[in-house]
Amino acid sequence: MRILIVEDELRLAQVIKKGLEEDGFAVDFASDGDEGLYLGESENYDLILLDVMLPKVDGIILCRQLRSKNIKTPILMLTAKTTLEDRVAGLDSGADDYLAKPFEFLELRSRIHALIRRSTNTTSPILKIFDLELDPLKHICIRNKKNISLTPKEFAILEFLLRHQNEVVTRTMITEHVWDYNFDGMSNIVDVFVASLRKKINSNASVKLIHTIHGVGYKI
Ligand code: CA
């Protein structure tokens, strides 16, 4: 899953970025409203973390502009302002949730996971198919009661596939949601990761998961 952070407090942004990357997210960062608007409109994010007080374009206007362009990405607002009017203004501009500064990273992380669940229509925190279970919060993958150790990218690809069960997922969709803006990998990188992922989750299993749809992509 890929997240955009729009935040002008660089140290805070770096701490959040590092924490989310350790959690397996691909993270892009914009330090003002203009850049945030540009990235929010042109890239495919699974969630946007949006500070309210920003240089150039503030978070409320940015949020309204994204919504007016029919961008439905979940938006979590980070606000130093905590009056009722400020919170309401954020939600009224089209944000899905807000978190008042200062906050604990653990709470931010839980809210992010909850918003992603809501937006992908997965109510349970654990993603399942057949005898495979994936827990994005605890970073655990289990198949047929056995733990499977996955690299962060393998985990992220499997999570993306599971959130689109029975749909065909293209290589472009995977690169857009699993890698960040600076991604400049080989064109076959998705195939390489899917091959290693498949090897791990299908070893000793009677039912093979993850099918290649030739010329298009993959389906779980
Ligand atoms: Ca700010």
# chains A, B, ... in the order shown; residues from 1 in each chain; ligands from 1

$ select_by_dssp --residues "chain A" --states "helix (DSSP H, G or I)" --output "PyMOL selection string"
chain A and resi 10-22+33-42+59-68+84-92+105-119+152-163+171-178+189-202

$ write_last_selection --atoms "C-alpha atoms" --output "PDB file, in the first residue's frame"
ATOM      1  CA  LEU A  10      10.346  18.005   8.053  1.00  0.00           C
ATOM      2  CA  ARG A  11      11.386  16.168  11.181  1.00  0.00           C
ATOM      3  CA  LEU A  12       7.870  14.963  11.876  1.00  0.00           C
ATOM      4  CA  ALA A  13       7.454  13.925   8.236  1.00  0.00           C
ATOM      5  CA  GLN A  14      10.709  11.961   8.365  1.00  0.00           C
ATOM      6  CA  VAL A  15       9.724  10.135  11.541  1.00  0.00           C
ATOM      7  CA  ILE A  16       6.339   9.176  10.074  1.00  0.00           C
ATOM      8  CA  LYS A  17       7.896   8.165   6.737  1.00  0.00           C
ATOM      9  CA  LYS A  18      10.481   5.966   8.419  1.00  0.00           C
ATOM     10  CA  GLY A  19       7.885   4.323  10.675  1.00  0.00           C
ATOM     11  CA  LEU A  20       5.516   3.620   7.795  1.00  0.00           C
ATOM     12  CA  GLU A  21       8.304   2.258   5.598  1.00  0.00           C
ATOM     13  CA  GLU A  22       9.323  -0.087   8.391  1.00  0.00           C
ATOM     14  CA  GLY A  33       0.433  22.211  -0.594  1.00  0.00           C
ATOM     15  CA  ASP A  34       1.383  22.724  -4.246  1.00  0.00           C
ATOM     16  CA  GLU A  35       3.565  19.651  -4.371  1.00  0.00           C
ATOM     17  CA  GLY A  36       0.973  17.692  -2.383  1.00  0.00           C
ATOM     18  CA  LEU A  37      -1.746  18.617  -4.855  1.00  0.00           C
ATOM     19  CA  TYR A  38       0.435  17.688  -7.813  1.00  0.00           C
ATOM     20  CA  LEU A  39       1.341  14.257  -6.384  1.00  0.00           C
ATOM     21  CA  GLY A  40      -2.178  13.616  -5.072  1.00  0.00           C
ATOM     22  CA  GLU A  41      -3.619  14.241  -8.534  1.00  0.00           C
ATOM     23  CA  SER A  42      -1.011  12.462 -10.604  1.00  0.00           C
ATOM     24  CA  GLY A  59      -4.756  21.255   3.795  1.00  0.00           C
ATOM     25  CA  ILE A  60      -8.445  22.203   3.744  1.00  0.00           C
ATOM     26  CA  ILE A  61      -8.237  23.710   0.245  1.00  0.00           C
ATOM     27  CA  LEU A  62      -6.020  20.878  -0.973  1.00  0.00           C
ATOM     28  CA  CYS A  63      -8.539  18.325   0.283  1.00  0.00           C
ATOM     29  CA  ARG A  64     -11.444  20.144  -1.391  1.00  0.00           C
ATOM     30  CA  GLN A  65      -9.549  20.322  -4.674  1.00  0.00           C
ATOM     31  CA  LEU A  66      -8.747  16.601  -4.672  1.00  0.00           C
ATOM     32  CA  ARG A  67     -12.387  15.755  -3.923  1.00  0.00           C
ATOM     33  CA  SER A  68     -13.639  18.140  -6.616  1.00  0.00           C
ATOM     34  CA  LEU A  84     -14.470  21.840  17.161  1.00  0.00           C
ATOM     35  CA  GLU A  85     -14.665  24.254  14.189  1.00  0.00           C
ATOM     36  CA  ASP A  86     -11.257  23.125  12.910  1.00  0.00           C
ATOM     37  CA  ARG A  87     -12.099  19.449  13.150  1.00  0.00           C
ATOM     38  CA  VAL A  88     -15.438  19.976  11.455  1.00  0.00           C
ATOM     39  CA  ALA A  89     -13.828  22.088   8.698  1.00  0.00           C
ATOM     40  CA  GLY A  90     -11.423  19.232   7.971  1.00  0.00           C
ATOM     41  CA  LEU A  91     -14.128  16.600   7.737  1.00  0.00           C
ATOM     42  CA  ASP A  92     -16.433  18.909   5.758  1.00  0.00           C
ATOM     43  CA  PHE A 105       2.806   6.793  16.051  1.00  0.00           C
ATOM     44  CA  LEU A 106       0.891   3.691  17.181  1.00  0.00           C
ATOM     45  CA  GLU A 107      -2.409   5.537  16.989  1.00  0.00           C
ATOM     46  CA  LEU A 108      -1.561   6.961  13.578  1.00  0.00           C
ATOM     47  CA  ARG A 109      -0.691   3.486  12.352  1.00  0.00           C
ATOM     48  CA  SER A 110      -3.962   1.977  13.654  1.00  0.00           C
ATOM     49  CA  ARG A 111      -6.020   4.725  12.030  1.00  0.00           C
ATOM     50  CA  ILE A 112      -4.195   4.270   8.722  1.00  0.00           C
ATOM     51  CA  HIS A 113      -4.850   0.521   8.741  1.00  0.00           C
ATOM     52  CA  ALA A 114      -8.507   1.125   9.674  1.00  0.00           C
ATOM     53  CA  LEU A 115      -9.019   3.656   6.856  1.00  0.00           C
ATOM     54  CA  ILE A 116      -7.405   1.336   4.312  1.00  0.00           C
ATOM     55  CA  ARG A 117      -9.654  -1.518   5.467  1.00  0.00           C
ATOM     56  CA  ARG A 118     -12.700   0.699   5.065  1.00  0.00           C
ATOM     57  CA  SER A 119     -11.700   1.914   1.616  1.00  0.00           C
ATOM     58  CA  PRO A 152       8.653  -6.442   2.914  1.00  0.00           C
ATOM     59  CA  LYS A 153       8.047  -6.229  -0.851  1.00  0.00           C
ATOM     60  CA  GLU A 154       6.726  -9.795  -1.080  1.00  0.00           C
ATOM     61  CA  PHE A 155       4.423  -9.002   1.830  1.00  0.00           C
ATOM     62  CA  ALA A 156       3.221  -5.773   0.210  1.00  0.00           C
ATOM     63  CA  ILE A 157       2.492  -7.495  -3.119  1.00  0.00           C
ATOM     64  CA  LEU A 158       0.572 -10.285  -1.393  1.00  0.00           C
ATOM     65  CA  GLU A 159      -1.420  -7.725   0.617  1.00  0.00           C
ATOM     66  CA  PHE A 160      -2.292  -5.826  -2.567  1.00  0.00           C
ATOM     67  CA  LEU A 161      -3.374  -9.034  -4.336  1.00  0.00           C
ATOM     68  CA  LEU A 162      -5.491 -10.086  -1.346  1.00  0.00           C
ATOM     69  CA  ARG A 163      -7.214  -6.706  -1.245  1.00  0.00           C
ATOM     70  CA  ARG A 171       1.976  -5.123 -13.180  1.00  0.00           C
ATOM     71  CA  THR A 172       1.484  -1.357 -13.364  1.00  0.00           C
ATOM     72  CA  MET A 173      -1.063  -1.463 -10.523  1.00  0.00           C
ATOM     73  CA  ILE A 174       1.407  -3.420  -8.416  1.00  0.00           C
ATOM     74  CA  THR A 175       4.317  -1.052  -9.065  1.00  0.00           C
ATOM     75  CA  GLU A 176       2.080   1.965  -8.393  1.00  0.00           C
ATOM     76  CA  HIS A 177       0.909   0.666  -5.031  1.00  0.00           C
ATOM     77  CA  VAL A 178       3.961  -1.165  -3.741  1.00  0.00           C
ATOM     78  CA  ILE A 189      10.896  -6.584 -11.160  1.00  0.00           C
ATOM     79  CA  VAL A 190       7.253  -7.408 -10.343  1.00  0.00           C
ATOM     80  CA  ASP A 191       7.618 -10.808 -12.013  1.00  0.00           C
ATOM     81  CA  VAL A 192      10.761 -11.506 -10.006  1.00  0.00           C
ATOM     82  CA  PHE A 193       9.043 -10.710  -6.703  1.00  0.00           C
ATOM     83  CA  VAL A 194       5.850 -12.575  -7.607  1.00  0.00           C
ATOM     84  CA  ALA A 195       7.918 -15.623  -8.548  1.00  0.00           C
ATOM     85  CA  SER A 196       9.659 -15.688  -5.170  1.00  0.00           C
ATOM     86  CA  LEU A 197       6.397 -14.976  -3.340  1.00  0.00           C
ATOM     87  CA  ARG A 198       4.633 -17.771  -5.180  1.00  0.00           C
ATOM     88  CA  LYS A 199       7.432 -20.188  -4.396  1.00  0.00           C
ATOM     89  CA  LYS A 200       7.114 -19.433  -0.691  1.00  0.00           C
ATOM     90  CA  ILE A 201       3.338 -19.604  -0.376  1.00  0.00           C
ATOM     91  CA  ASN A 202       2.845 -22.587  -2.702  1.00  0.00           C
TER      92      ASN A 202
END

$ residues_near_ligand --ligand "ligand 1" --cutoff "6 Å" --atoms "only C-alpha atoms and all ligand atoms" --output "PDB file with N, CA and C atoms, in the first residue's frame"
ATOM      1  N   GLU A   7       3.288  17.382   4.551  1.00  0.00           N
ATOM      2  CA  GLU A   7       3.626  17.912   5.880  1.00  0.00           C
ATOM      3  C   GLU A   7       4.851  18.808   5.761  1.00  0.00           C
ATOM      4  N   ASP A   8       4.760  20.048   6.319  1.00  0.00           N
ATOM      5  CA  ASP A   8       5.899  20.961   6.202  1.00  0.00           C
ATOM      6  C   ASP A   8       6.865  20.866   7.379  1.00  0.00           C
ATOM      7  N   GLU A   9       6.494  20.145   8.429  1.00  0.00           N
ATOM      8  CA  GLU A   9       7.452  19.940   9.529  1.00  0.00           C
ATOM      9  C   GLU A   9       8.320  18.743   9.142  1.00  0.00           C
ATOM     10  N   ASP A  51      -1.434  17.409   6.411  1.00  0.00           N
ATOM     11  CA  ASP A  51      -1.345  18.438   7.444  1.00  0.00           C
ATOM     12  C   ASP A  51      -2.279  19.586   7.055  1.00  0.00           C
ATOM     13  N   MET A  53      -2.082  23.050   8.288  1.00  0.00           N
ATOM     14  CA  MET A  53      -1.349  24.308   8.086  1.00  0.00           C
ATOM     15  C   MET A  53      -0.152  24.042   7.194  1.00  0.00           C
ATOM     16  N   LEU A  54      -0.261  24.436   5.933  1.00  0.00           N
ATOM     17  CA  LEU A  54       0.791  24.164   4.949  1.00  0.00           C
ATOM     18  C   LEU A  54       1.128  25.415   4.162  1.00  0.00           C
TER      19      LEU A  54
END

$ residues_around --residues "A:Tyr181" --least-positions-apart "4" --cutoff "9 Å" --atoms "only C-alpha atoms" --output "list in words"
Ala26, Val27, Asp28, Glu43 and Glu176 of chain A

$ closest_residue --among "A:Ser31, A:Thr170, A:Asn70, A:Thr122" --to "A:Val216" --atoms "only C-alpha atoms"
A:Thr170

$ atom_distance --atom1 "atom CA of A:Leu137" --atom2 "atom CA of A:Phe25"
11.4 Å

$ atom_distance --atom1 "atom CA of A:His164" --atom2 "atom CA of A:Asn204"
24.5 Å

$ closest_residue --among "A:Lys145, A:Val52, A:Asp180, A:Thr151" --to "A:Met1" --atoms "only C-alpha atoms"
A:Asp180
